[in-house]
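Everything below concerns the one structure shown next.
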Amino acid sequence: MATGTKRSGESAITDVRHRYRAGVLKYRQMGYWDGDYAPKDTDVICLFRITPQDGVDPIEAAAAVAGESSTATWTVVWTDRLSACDSYRAKAFKIEPVPNSASQYFAWVAYDIILFEEGSIANMTASLIGNVFSFKPLKAVRLEDIRIPVAYVKTFKGPPTGLIVERERLDKFGRPLLGATTKPKLGLSGRNYGRVIYEGLKGGLDFMKDDENINSQPFMHWRDRFLYVMEAVNKASAATGEVKGSYLNVTAATVEDMYERAEFARELGSIVIMVDLVVGWSTIQSMSNWARRNDMILHMHRAGHGTYTRQKNHGVSFRVIAKWLRLAGVDHLHAGTAVGKLEGDPATVQGYYNVCRDSFTRRDLSRGLFFDQDWCDLRKVMPVASGGIHAGQMHQLLDLFGDDVVLQFGGGTIGHPAGIQAGAVANRVALEAMVKARNEGRDIKVEGPEILRKAAQFCGPLKQALDTWGEVTFDYTSTDTSDYTVSVAVSN
Amino acid sequence: MMNNPTGRLTQGQFSFLPDLTDTEISLQIEYGLGRGYAWSIEFTDDPHPRNTYWEMFGMPMFDLKDAAGVMMELQNCRKAFPQHFVRLMAFDSTRGVESIVMSLIVNRPEVEPGFVLARQEGSARRVRYTLRREER
């Protein structure tokens, strides 16, 4: 793509009298495109995937994105001249056609750090994904990735606990953590609900979990749930000698309600609370501060993200959401399973995990990561793999995600033919057997099924689990995949 | 008596598997050494889940690069405390980790006392829970 051409009418107008004459100019004439711009270390850099309307020049479209996500309006305004307006203009500085996609372009846009309020995801998102996503000259636009400068990263507190401290508090090391979501997700009374928690935790799980839409409904009010759940958690802890937890979902109609529920969870001795992504950025940051003050692990369920992350042509990639959530400060984040029932191509999902756990995330196009990202010692988020996974996939999960992950088998625990406790035992035995084998130097990717069969010889519940679900796979094509094979080089 | 499905304390990486043989323990030690971890041995007769600090059987073996040496220390610990819980812990000093990264129980008493859940009932259905060691 010719990014440096400067035909008349297509480059920034430098004559100020011409530039600020009342009327309408092209965005690139207004200064929102600069093919020679070298981004500063302190700039926020965004990579957008844009689909211009037919007949709209891609450079003009990129300039429009930069304009509409920073200072521009549709017409020239003289009040620009009261400010150092050039520094406030975001600058599109590069575009490239998306490989194998005729009508789409990648557009790189740089933003000066002055545009953003310290420590505010709400502010960053209001700019970067504000008006621009409804902009008519674009058929569609997607925020693919973002580079957040170190200077801005340092204004965020990040996860209140982080995966290292979480493990120390739980006294659990060297293996993925195990969890399960209580099912059915709706309809159980508090007393019945606590039964599921007790059986799962006593059987060997580390965590149980409220589902995203369990709040305080007629069949189970939140106080009742919390009381029964904590009875179950403490009883399971006594039965095993382990620290146990159950994510108490404090999502509610108002932030005040959420504080009230979180306070009650703390009073009852819970080590973890949960919020849904749908509560919004400001609430998430408030709850993160609360969790920090109260030594509480904060579990984030990414409810609703699929409405804007899944389709490749429009929305926001989950890798961007994951970056924002790490800055905003959550301890657990559902980041996909690759092998389960929910959307997620393995390499793309690994990219999300890197964003959660890296000290320094390296650019890796095959995993959808377009930028190096220095996390500046910000605490690490524990990713959660949840949704349609079972013990028979243990080798794949461990191979894909390593130790620092919570593997959540909801149906794969509670649906076990011999009951919840047996389901939990099956998962824990499968996990420990696989970690042990990997550490012994075995190639679990290849030998996994054999390792599981061997473990099933001394563990009846695992045998039943493998007999029930061993062949279940969710083999559908992912919609959100990398546009690059490893061999394709893209200049930075 | 622990009343979970294993009948035992389930702390550590491999408590749901049959006890590891010394050869198998050596392999785990080698895995850790290969990743640059330092091994340490700790023991206790009080495995309460909130008892963070078990007694150290000597210092972490920062400079020991040989599994046989760690195993020798483990044998010494087992000999000295045959009826205690003994665990092996691996430390990773990498910046951003700087914590324990492996932990496995490698010795158990013949009889593992369980925990009693003591409940102190308060108003509004609140219960204050305390885990106490079961009397032998």
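Residues are named by chain letter and number: chains run A, B, ... in the order of the structure tokens, numbers start at 1 in each chain, and ligands are numbered from 1 in the order shown.
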Long-range neighbours of Leu431 in chain A as a ChimeraX atom specification, 12 Å cut-off, only C-alpha atoms, 3 positions minimum in chain: /A:174-179,204-205,390-399,402-403,406-409,424-428,434-438,444,448,451-452,455-456,462 /B:13-17
Go ahead and write the residues just picked, N, CA and C atoms, as a compact mmCIF listing (two decimals), in the first residue's frame.
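Once written, part28.txt looks like this:
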# COMPACT_ATOMS: atom_id res chain seq x y z
N GLY A 174 1.94 -25.59 41.37
CA GLY A 174 2.46 -26.59 40.45
C GLY A 174 1.44 -27.34 39.63
N ARG A 175 0.21 -26.90 39.66
CA ARG A 175 -0.81 -27.53 38.82
C ARG A 175 -1.90 -26.50 38.55
N PRO A 176 -2.64 -26.67 37.44
CA PRO A 176 -3.81 -25.81 37.26
C PRO A 176 -4.78 -25.96 38.42
N LEU A 177 -5.54 -24.93 38.70
CA LEU A 177 -6.60 -25.03 39.70
C LEU A 177 -7.83 -25.63 39.03
N LEU A 178 -8.69 -26.20 39.86
CA LEU A 178 -9.87 -26.86 39.32
C LEU A 178 -11.13 -26.19 39.85
N GLY A 179 -12.09 -26.03 38.98
CA GLY A 179 -13.35 -25.45 39.41
C GLY A 179 -14.52 -26.06 38.69
N GLY A 204 -12.67 -32.76 45.46
CA GLY A 204 -11.34 -32.44 45.00
C GLY A 204 -11.19 -31.15 44.21
N LEU A 205 -12.29 -30.43 43.97
CA LEU A 205 -12.16 -29.16 43.27
C LEU A 205 -11.66 -28.08 44.24
N HIS A 390 -14.02 -31.44 29.51
CA HIS A 390 -14.16 -32.63 30.35
C HIS A 390 -12.81 -33.30 30.56
N ALA A 391 -12.77 -34.25 31.49
CA ALA A 391 -11.51 -34.87 31.91
C ALA A 391 -10.75 -35.49 30.75
N GLY A 392 -11.46 -35.96 29.73
CA GLY A 392 -10.81 -36.61 28.61
C GLY A 392 -9.95 -35.66 27.78
N GLN A 393 -10.09 -34.35 28.01
CA GLN A 393 -9.30 -33.36 27.27
C GLN A 393 -8.14 -32.83 28.10
N MET A 394 -7.87 -33.46 29.24
CA MET A 394 -6.91 -32.90 30.18
C MET A 394 -5.54 -32.66 29.55
N HIS A 395 -5.07 -33.61 28.73
CA HIS A 395 -3.75 -33.45 28.12
C HIS A 395 -3.72 -32.25 27.18
N GLN A 396 -4.82 -32.05 26.43
CA GLN A 396 -4.87 -30.90 25.51
C GLN A 396 -4.88 -29.59 26.28
N LEU A 397 -5.65 -29.54 27.36
CA LEU A 397 -5.76 -28.31 28.13
C LEU A 397 -4.43 -27.95 28.78
N LEU A 398 -3.77 -28.96 29.36
CA LEU A 398 -2.48 -28.70 30.02
C LEU A 398 -1.42 -28.31 29.00
N ASP A 399 -1.48 -28.93 27.84
CA ASP A 399 -0.51 -28.61 26.79
C ASP A 399 -0.73 -27.19 26.26
N GLY A 402 -0.74 -24.69 30.11
CA GLY A 402 0.22 -24.76 31.21
C GLY A 402 -0.45 -24.80 32.58
N ASP A 403 0.31 -24.42 33.61
CA ASP A 403 -0.16 -24.57 35.00
C ASP A 403 -1.05 -23.43 35.49
N VAL A 406 -7.32 -21.70 35.71
CA VAL A 406 -8.36 -22.45 36.42
C VAL A 406 -9.14 -23.23 35.36
N LEU A 407 -9.12 -24.54 35.46
CA LEU A 407 -9.90 -25.38 34.54
C LEU A 407 -11.25 -25.64 35.19
N GLN A 408 -12.30 -25.21 34.53
CA GLN A 408 -13.63 -25.37 35.12
C GLN A 408 -14.48 -26.34 34.33
N PHE A 409 -14.79 -27.41 35.03
CA PHE A 409 -15.61 -28.46 34.44
C PHE A 409 -16.97 -28.43 35.14
N ALA A 424 -15.84 -34.76 40.51
CA ALA A 424 -14.71 -33.96 40.98
C ALA A 424 -13.46 -34.83 41.11
N VAL A 425 -13.62 -36.01 41.67
CA VAL A 425 -12.49 -36.93 41.82
C VAL A 425 -11.88 -37.24 40.45
N ALA A 426 -12.74 -37.51 39.48
CA ALA A 426 -12.25 -37.84 38.14
C ALA A 426 -11.39 -36.72 37.58
N ASN A 427 -11.87 -35.51 37.74
CA ASN A 427 -11.12 -34.37 37.20
C ASN A 427 -9.80 -34.16 37.93
N ARG A 428 -9.83 -34.28 39.24
CA ARG A 428 -8.61 -34.04 40.02
C ARG A 428 -7.57 -35.13 39.71
N MET A 434 -1.81 -36.10 34.80
CA MET A 434 -1.25 -35.47 33.60
C MET A 434 -0.07 -34.56 33.95
N VAL A 435 -0.20 -33.82 35.03
CA VAL A 435 0.91 -32.95 35.47
C VAL A 435 2.12 -33.82 35.82
N LYS A 436 1.87 -34.88 36.54
CA LYS A 436 2.97 -35.77 36.94
C LYS A 436 3.68 -36.32 35.70
N ALA A 437 2.88 -36.78 34.75
CA ALA A 437 3.47 -37.36 33.53
C ALA A 437 4.26 -36.33 32.75
N ARG A 438 3.71 -35.14 32.63
CA ARG A 438 4.43 -34.07 31.91
C ARG A 438 5.77 -33.79 32.58
N ILE A 444 2.77 -35.43 26.57
CA ILE A 444 1.36 -35.62 26.91
C ILE A 444 0.43 -35.39 25.72
N GLY A 448 -1.31 -38.55 26.01
CA GLY A 448 -2.38 -38.16 26.92
C GLY A 448 -3.46 -39.20 27.14
N ILE A 451 -2.19 -42.04 29.17
CA ILE A 451 -1.96 -41.65 30.56
C ILE A 451 -3.28 -41.64 31.33
N LEU A 452 -4.33 -41.13 30.69
CA LEU A 452 -5.64 -41.09 31.34
C LEU A 452 -6.18 -42.51 31.56
N ALA A 455 -4.45 -44.04 34.50
CA ALA A 455 -4.93 -43.48 35.77
C ALA A 455 -6.32 -44.02 36.10
N ALA A 456 -7.12 -44.28 35.04
CA ALA A 456 -8.47 -44.78 35.25
C ALA A 456 -8.46 -46.20 35.83
N LEU A 462 -12.84 -41.83 37.25
CA LEU A 462 -12.22 -41.34 36.00
C LEU A 462 -12.60 -42.25 34.84
N GLN B 13 0.50 -31.27 45.25
CA GLN B 13 0.22 -31.47 43.83
C GLN B 13 -0.38 -32.83 43.49
N PHE B 14 -0.03 -33.86 44.27
CA PHE B 14 -0.35 -35.22 43.80
C PHE B 14 -1.08 -36.05 44.85
N SER B 15 -1.90 -35.41 45.68
CA SER B 15 -2.52 -36.14 46.79
C SER B 15 -3.61 -37.12 46.35
N PHE B 16 -4.10 -36.95 45.13
CA PHE B 16 -5.14 -37.87 44.66
C PHE B 16 -4.57 -39.08 43.93
N LEU B 17 -3.24 -39.11 43.80
CA LEU B 17 -2.60 -40.25 43.13
C LEU B 17 -2.06 -41.20 44.19
Select from chain B every residue with an atom at most 8 Å from any atom of chain A, then for each give the shortest pair of atoms and their distance in Å to one decimal, using only C-alpha atoms, rows by chain and rising number, as CSV.
residue,atom,partner,partner_atom,distance
B:Met2,CA,A:Ala239,CA,5.6
B:Asn3,CA,A:Ala239,CA,5.2
B:Asn4,CA,A:Ala239,CA,5.4
B:Pro5,CA,A:Gly203,CA,6.3
B:Arg8,CA,A:Thr240,CA,7.2
B:Leu9,CA,A:Thr240,CA,5.5
B:Thr10,CA,A:Thr240,CA,5.6
B:Gln11,CA,A:Glu242,CA,5.8
B:Gly12,CA,A:Lys172,CA,6.6
B:Gln13,CA,A:Gly174,CA,6.3
B:Phe14,CA,A:Glu432,CA,5.6
B:Phe16,CA,A:Val429,CA,5.7
B:Leu17,CA,A:Val429,CA,6.5
B:Glu24,CA,A:Glu440,CA,7.9
B:Leu27,CA,A:Glu440,CA,5.6
B:Gln28,CA,A:Asn439,CA,6.1
B:Tyr31,CA,A:Asn439,CA,5.7
B:Pro47,CA,A:Gly241,CA,7.2
B:His48,CA,A:Gly241,CA,6.2
B:Pro49,CA,A:Glu242,CA,5.2
B:Arg50,CA,A:Val243,CA,7.7
B:Thr52,CA,A:Asp171,CA,7.8
B:Gly96,CA,A:Asp377,CA,6.6
B:Val97,CA,A:Ile164,CA,6.5
B:Ser99,CA,A:Ile164,CA,7.0
B:Ile100,CA,A:Phe173,CA,6.7
B:Val101,CA,A:Gly174,CA,5.1
B:Met102,CA,A:Gly174,CA,4.3
B:Ser103,CA,A:Phe173,CA,5.8
B:Gly114,CA,A:Ala239,CA,7.1
B:Phe115,CA,A:Ala238,CA,5.1
B:Val116,CA,A:Ala238,CA,6.4
B:Leu117,CA,A:Ala238,CA,6.1
B:Arg125,CA,A:Leu227,CA,7.9
B:Arg126,CA,A:Leu227,CA,7.4
B:Val127,CA,A:Leu268,CA,7.8
B:Arg128,CA,A:Leu268,CA,7.5
B:Tyr129,CA,A:Asn234,CA,7.0
B:Leu131,CA,A:Ala238,CA,6.3
Env of Ala110 in chain A: 12 Å cut, atoms = only C-alpha atoms, seq-sep filter 2 positions within chain, self excluded. Answer as a count of residues only. 42
DSSP on the backbone, strand (DSSP E) only: what residues of range 150-193 of chain A does that give? Format it as a tab-separated table (two decimals) with N, CA and C atoms, in the first residue's frame.
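Listed below is the output, result.tsv:
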chain	number	residue	atom	x	y	z
A	177	LEU	N	-5.54	-24.93	38.70
A	177	LEU	CA	-6.60	-25.03	39.70
A	177	LEU	C	-7.83	-25.63	39.03
A	178	LEU	N	-8.69	-26.20	39.86
A	178	LEU	CA	-9.87	-26.86	39.32
A	178	LEU	C	-11.13	-26.19	39.85
A	179	GLY	N	-12.09	-26.03	38.98
A	179	GLY	CA	-13.35	-25.45	39.41
A	179	GLY	C	-14.52	-26.06	38.69
A	180	ALA	N	-15.70	-25.62	39.10
A	180	ALA	CA	-16.92	-26.03	38.41
A	180	ALA	C	-17.99	-24.98	38.68
A	181	THR	N	-18.81	-24.76	37.67
A	181	THR	CA	-19.94	-23.86	37.84
A	181	THR	C	-21.13	-24.68	38.28
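Between CA of Met258 in chain A and CA of Ser123 in chain B the separation is 22.6 Å.
Between CA of Thr79 in chain A and CA of Gly23 in chain A the separation is 13.6 Å.
Residue nearest Ser317 in chain A within the list A:Leu369, A:Ala232, A:Ala22, A:Val330: A:Leu369 [criterion: smallest interatomic distance, only C-alpha atoms].
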Test item: residues at most 10 Å from Pro109 in chain B, only C-alpha atoms, excluding those fewer than 4 positions along its chain, as an MDAnalysis selection string: chainID B and resid 45 81:86 113
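Note that CA of Ile121 in chain A and CA of Pro159 in chain A are 13.8 Å apart.
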Name the closest residue to Phe371 in chain A among the candidates A:Leu277, A:Glu144, A:Phe318, A:Ile214; distances are taken between atoms, counting only C-alpha atoms. A:Glu144
Find the spatial neighbours of range 33-40 of chain B, counting only C-alpha atoms, within a cut-off of 6 Å - ignore same-chain residues fewer than 3 positions away - and output them as a ChimeraX atom specification. /B:30,60-62,88-92
Residue with smallest distance to Thr44 in chain B - pool B:Arg95, B:Arg119, B:Arg87, B:Arg133, counting only C-alpha atoms: B:Arg87
Exercise: Lys185 in chain A partners within 9 Å, only C-alpha atoms, chain neighbours under 3 positions left out, as a PyMOL selection string: chain A and resi 181-182+188+210-214
Can you list, as a ChimeraX atom specification, every residue of range 102-251 of chain A that DSSP puts in alpha helix (DSSP H)? /A:121-128,150-153,162-170,190-202,222-240
What lies within 7 Å of Val150 in chain A using only C-alpha atoms, ignoring chain neighbours under 3 positions off, as number ranges by chain? A: 153-154, 374, 376
Write out the residues from the selection above, keeping N, CA, C and O atoms, as a tab-separated table (two decimals), in the first residue's frame.
chain	number	residue	atom	x	y	z
A	153	VAL	N	0.39	2.56	31.67
A	153	VAL	CA	0.21	1.33	32.46
A	153	VAL	C	0.40	1.63	33.95
A	153	VAL	O	-0.35	1.17	34.80
A	154	LYS	N	1.43	2.46	34.26
A	154	LYS	CA	1.77	2.72	35.66
A	154	LYS	C	0.70	3.53	36.39
A	154	LYS	O	0.77	3.69	37.61
A	374	ASP	N	4.82	-4.06	27.35
A	374	ASP	CA	5.51	-4.15	28.64
A	374	ASP	C	4.47	-3.95	29.74
A	374	ASP	O	3.82	-2.90	29.80
A	376	CYS	N	5.17	-3.94	32.93
A	376	CYS	CA	5.70	-3.08	33.99
A	376	CYS	C	5.42	-3.65	35.39
A	376	CYS	O	5.04	-2.90	36.29
